Amino acid sequence: MKKFNVALTLLAGVISQACLLGQAQAATFSSSAACNADSVDSLTEMFSCGSVHGSLRSLYYSTHNAYFSHGVSQDTISYGGSVKYSTAKYEGFSLGVSGIFQRGIAHNQDHLVSELADNETGVGEAYLSWHYQNFRITAGDQHLNLPFVGDYDWRITPSLFRGVDANYGDAENFLHATKVTRYKPWGDDQFLRTTAYGDERTNGMWALGAGRAVQLDNKKLTGQLWSETYTDYTRIGYADSFLSWTDNAAQPKIGVQFIRGVSDGKALAGEVNSTSYGAQFSMNLSPAVQWSLNYDHIAANSNAYGNGALVTPYAHNISSGPYFAQPFFTSTQDLGSGNAYSTNLNWTTSETLSLGAQYSFMDLTASAGASSSNQSEYLVYGTYSFDGVLKGLSLTDQFGVQTVSTSDSSFWQNRVTLQYNF
């Protein structure tokens, strides 16, 4: 608790400086009547009409029997985040650059949580972007949001990617192409040619995607299709579709997904032969309460990596990505093959407070002939978002426990996040 109080004090100081920075930036840039971030008339205005924004946070993790290691306790607190400057658009062009940092508070090497262990200081994003009507292309170090290639941003510093990303259309009707050459994982401040599976260098990955939305009387049908190739690891095909009832107060939605992974080149993680099917149902139980029920089946393959599990070079041990059924503390695709279930209930009690609970069950087997992990996870969480002069500041607590049939020890973890977005 003493560590947490110290972190609150330090972050409060950082946040106060960020508030002053944001106010100064607003006063400077709003002083020019010609400023319009979407279009300016000169290179001078391109920079003078830019904007500064960022995310600062402090994370406190407390863990008991860490990942089912009996008696292993972890207690770690760190703070940091990112601050970004982006220019206005001139002739469709814009630039962006961000700085990232992470610092620990009174770290004890015997009780460190790896996500918060290392200090980081460096340049995060650094890109050139060009927009023309519904077309956008961005080159450089940037955030991405593709299946299994994304910014899993609940840690202090984000995962970023170096490459070229192009999109035509909007969020639902689009054509998309991406080439990644390097990535910056959450635990590093450098862009690497390796992956989350080890130190082998690769030529990165490329992806092609398309999405479409159609209105059908009182229903809306959406779908997307992706092809991704991770050099010398795997080729992934991903598809999903959702049917939602837009004029119904409960807004029921039905979703299906299909994921297929096979080996590519040297198959550095092992032979890949993975097939997943998923289904999802969600609805509003009331205007303030949302509920979802999720299922995935991962076909067993005794001769393949993880007994048929999916290889995800940029999401391994980081996130379950787009899998419908997933736990919070571990990743579905890293647990093997079989059946995965989850259900989530979220209650937005007011404009400032949100509460929720989630249960997941992973009936998954990591190797042929082994017993199912029978992993159950019970999670409760809540977020309070401040208003008024503290707008942008939020406090989140996520507390959960996992049990597995292969261990007598339950894995407990509590995460507290104090965050300021500006």
# chains A, B, ... in the order shown; residues from 1 in each chain; ligands from 1
>>> closest_atom_pairs(of="region 270-355 of chain A", to="region 376-400 of chain A", cutoff="8 Å", atoms="only C-alpha atoms", output="Markdown table")
| residue | atom | partner | partner_atom | distance |
| --- | --- | --- | --- | --- |
| A:Pro327 | CA | A:Glu377 | CA | 6.5 |
| A:Phe328 | CA | A:Leu379 | CA | 7.8 |
| A:Glu351 | CA | A:Ser385 | CA | 7.9 |
| A:Thr352 | CA | A:Ser385 | CA | 4.7 |
| A:Leu353 | CA | A:Tyr384 | CA | 4.6 |
| A:Ser354 | CA | A:Thr383 | CA | 5.3 |
| A:Leu355 | CA | A:Gly382 | CA | 4.3 |
>>> closest_atom_pairs(of="region 86-146 of chain A", to="region 54-78 of chain A", cutoff="7 Å", atoms="only C-alpha atoms", output="tab-separated table")
residue	atom	partner	partner_atom	distance
A:Gln102	CA	A:Ser78	CA	6.8
A:Arg103	CA	A:Ser78	CA	5.5
A:Gly104	CA	A:Ser78	CA	4.2
A:Ile105	CA	A:Ser78	CA	5.6
A:His107	CA	A:Thr76	CA	6.4
A:His111	CA	A:Gln74	CA	4.2
A:Leu112	CA	A:Thr76	CA	5.5
A:Val113	CA	A:Thr76	CA	5.9
A:Leu116	CA	A:Ser78	CA	6.0
>>> write_last_selection(atoms="N, CA, C and O atoms", output="PDB file, in the first residue's frame")
ATOM      1  N   GLN A 102       8.873   4.393 -19.148  1.00  0.00           N
ATOM      2  CA  GLN A 102       8.372   3.571 -18.041  1.00  0.00           C
ATOM      3  C   GLN A 102       9.426   3.560 -16.949  1.00  0.00           C
ATOM      4  O   GLN A 102      10.618   3.401 -17.223  1.00  0.00           O
ATOM      5  N   ARG A 103       8.979   3.766 -15.711  1.00  0.00           N
ATOM      6  CA  ARG A 103       9.875   3.772 -14.566  1.00  0.00           C
ATOM      7  C   ARG A 103       9.251   2.961 -13.427  1.00  0.00           C
ATOM      8  O   ARG A 103       8.048   3.037 -13.186  1.00  0.00           O
ATOM      9  N   GLY A 104      10.103   2.234 -12.714  1.00  0.00           N
ATOM     10  CA  GLY A 104       9.632   1.462 -11.582  1.00  0.00           C
ATOM     11  C   GLY A 104       9.776   2.219 -10.277  1.00  0.00           C
ATOM     12  O   GLY A 104      10.547   3.176 -10.168  1.00  0.00           O
ATOM     13  N   ILE A 105       9.012   1.803  -9.285  1.00  0.00           N
ATOM     14  CA  ILE A 105       9.057   2.404  -7.958  1.00  0.00           C
ATOM     15  C   ILE A 105       9.438   1.321  -6.947  1.00  0.00           C
ATOM     16  O   ILE A 105       8.694   0.361  -6.755  1.00  0.00           O
ATOM     17  N   HIS A 107      11.404  -1.247  -6.863  1.00  0.00           N
ATOM     18  CA  HIS A 107      11.275  -2.617  -7.341  1.00  0.00           C
ATOM     19  C   HIS A 107      12.116  -3.588  -6.515  1.00  0.00           C
ATOM     20  O   HIS A 107      13.280  -3.332  -6.221  1.00  0.00           O
ATOM     21  N   HIS A 111      10.240 -10.064  -6.513  1.00  0.00           N
ATOM     22  CA  HIS A 111       8.773  -9.996  -6.576  1.00  0.00           C
ATOM     23  C   HIS A 111       8.288  -9.215  -7.799  1.00  0.00           C
ATOM     24  O   HIS A 111       7.214  -8.625  -7.766  1.00  0.00           O
ATOM     25  N   LEU A 112       9.071  -9.213  -8.877  1.00  0.00           N
ATOM     26  CA  LEU A 112       8.726  -8.398 -10.043  1.00  0.00           C
ATOM     27  C   LEU A 112       7.741  -9.091 -10.974  1.00  0.00           C
ATOM     28  O   LEU A 112       7.883 -10.272 -11.295  1.00  0.00           O
ATOM     29  N   VAL A 113       6.746  -8.343 -11.440  1.00  0.00           N
ATOM     30  CA  VAL A 113       5.879  -8.751 -12.541  1.00  0.00           C
ATOM     31  C   VAL A 113       6.562  -8.300 -13.831  1.00  0.00           C
ATOM     32  O   VAL A 113       6.941  -7.131 -13.974  1.00  0.00           O
ATOM     33  N   LEU A 116       5.998  -5.004 -15.861  1.00  0.00           N
ATOM     34  CA  LEU A 116       6.353  -3.718 -15.264  1.00  0.00           C
ATOM     35  C   LEU A 116       7.811  -3.654 -14.845  1.00  0.00           C
ATOM     36  O   LEU A 116       8.230  -2.679 -14.212  1.00  0.00           O
TER      37      LEU A 116
END
>>> select_by_dssp(residues="region 192-319 of chain A", states="strand (DSSP E or B)", output="JSON, numbers by chain")
{"A": [192, 195, 198, 205, 206, 207, 208, 209, 210, 211, 212, 213, 214, 215, 216, 219, 220, 221, 222, 223, 224, 225, 226, 227, 228, 229, 230, 234, 235, 236, 237, 238, 239, 240, 241, 242, 243, 244, 245, 253, 254, 255, 256, 257, 258, 259, 260, 261, 262, 263, 273, 274, 275, 276, 277, 278, 279, 280, 281, 282, 283, 284, 285, 286, 289, 290, 291, 292, 293, 294, 295, 296, 297, 298]}
>>> closest_atom_pairs(of="region 306-325 of chain A", to="region 267-277 of chain A", cutoff="10 Å", atoms="only C-alpha atoms", output="CSV")
residue,atom,partner,partner_atom,distance
A:Gly306,CA,A:Val272,CA,8.6
A:Asn307,CA,A:Ser274,CA,8.5
A:Gly308,CA,A:Ser274,CA,4.7
A:Ala309,CA,A:Ser274,CA,5.6
A:Leu310,CA,A:Ser274,CA,5.4
A:Val311,CA,A:Val272,CA,6.9
A:Thr312,CA,A:Ala269,CA,9.6
A:Pro313,CA,A:Ala269,CA,8.7
A:Tyr323,CA,A:Ser276,CA,9.0
A:Phe324,CA,A:Tyr277,CA,9.5
>>> write_last_selection(atoms="N, CA and C atoms", output="PDB file, in the first residue's frame")
ATOM      1  N   GLY A 306       1.320 -27.011 -30.314  1.00  0.00           N
ATOM      2  CA  GLY A 306       0.285 -26.826 -29.305  1.00  0.00           C
ATOM      3  C   GLY A 306      -0.924 -27.705 -29.479  1.00  0.00           C
ATOM      4  N   ASN A 307      -0.750 -28.891 -30.103  1.00  0.00           N
ATOM      5  CA  ASN A 307      -1.866 -29.814 -30.306  1.00  0.00           C
ATOM      6  C   ASN A 307      -2.955 -29.192 -31.182  1.00  0.00           C
ATOM      7  N   GLY A 308      -2.534 -28.311 -32.106  1.00  0.00           N
ATOM      8  CA  GLY A 308      -3.485 -27.661 -33.000  1.00  0.00           C
ATOM      9  C   GLY A 308      -3.737 -26.213 -32.669  1.00  0.00           C
ATOM     10  N   ALA A 309      -2.982 -25.653 -31.720  1.00  0.00           N
ATOM     11  CA  ALA A 309      -3.170 -24.249 -31.337  1.00  0.00           C
ATOM     12  C   ALA A 309      -2.672 -23.321 -32.447  1.00  0.00           C
ATOM     13  N   LEU A 310      -3.137 -22.088 -32.401  1.00  0.00           N
ATOM     14  CA  LEU A 310      -2.768 -21.087 -33.392  1.00  0.00           C
ATOM     15  C   LEU A 310      -1.457 -20.411 -33.008  1.00  0.00           C
ATOM     16  N   VAL A 311      -0.557 -20.247 -33.970  1.00  0.00           N
ATOM     17  CA  VAL A 311       0.689 -19.514 -33.759  1.00  0.00           C
ATOM     18  C   VAL A 311       0.449 -18.046 -34.110  1.00  0.00           C
ATOM     19  N   THR A 312       0.744 -17.148 -33.156  1.00  0.00           N
ATOM     20  CA  THR A 312       0.525 -15.704 -33.347  1.00  0.00           C
ATOM     21  C   THR A 312       1.796 -14.960 -32.935  1.00  0.00           C
ATOM     22  N   PRO A 313       2.721 -14.723 -33.880  1.00  0.00           N
ATOM     23  CA  PRO A 313       4.044 -14.195 -33.539  1.00  0.00           C
ATOM     24  C   PRO A 313       4.052 -12.845 -32.821  1.00  0.00           C
ATOM     25  N   TYR A 323     -10.267 -13.756 -30.673  1.00  0.00           N
ATOM     26  CA  TYR A 323     -11.019 -14.928 -30.220  1.00  0.00           C
ATOM     27  C   TYR A 323     -12.229 -14.477 -29.405  1.00  0.00           C
ATOM     28  N   PHE A 324     -13.387 -15.038 -29.706  1.00  0.00           N
ATOM     29  CA  PHE A 324     -14.601 -14.674 -28.969  1.00  0.00           C
ATOM     30  C   PHE A 324     -14.486 -15.056 -27.493  1.00  0.00           C
TER      31      PHE A 324
END
>>> closest_residue(among="A:Arg415, A:Asn301, A:Val289, A:Ser114", to="Trp347 (chain A)", atoms="only C-alpha atoms")
A:Val289
>>> atom_distance(atom1="CA of Val40 (chain A)", atom2="CA of His143 (chain A)")
24.6 Å
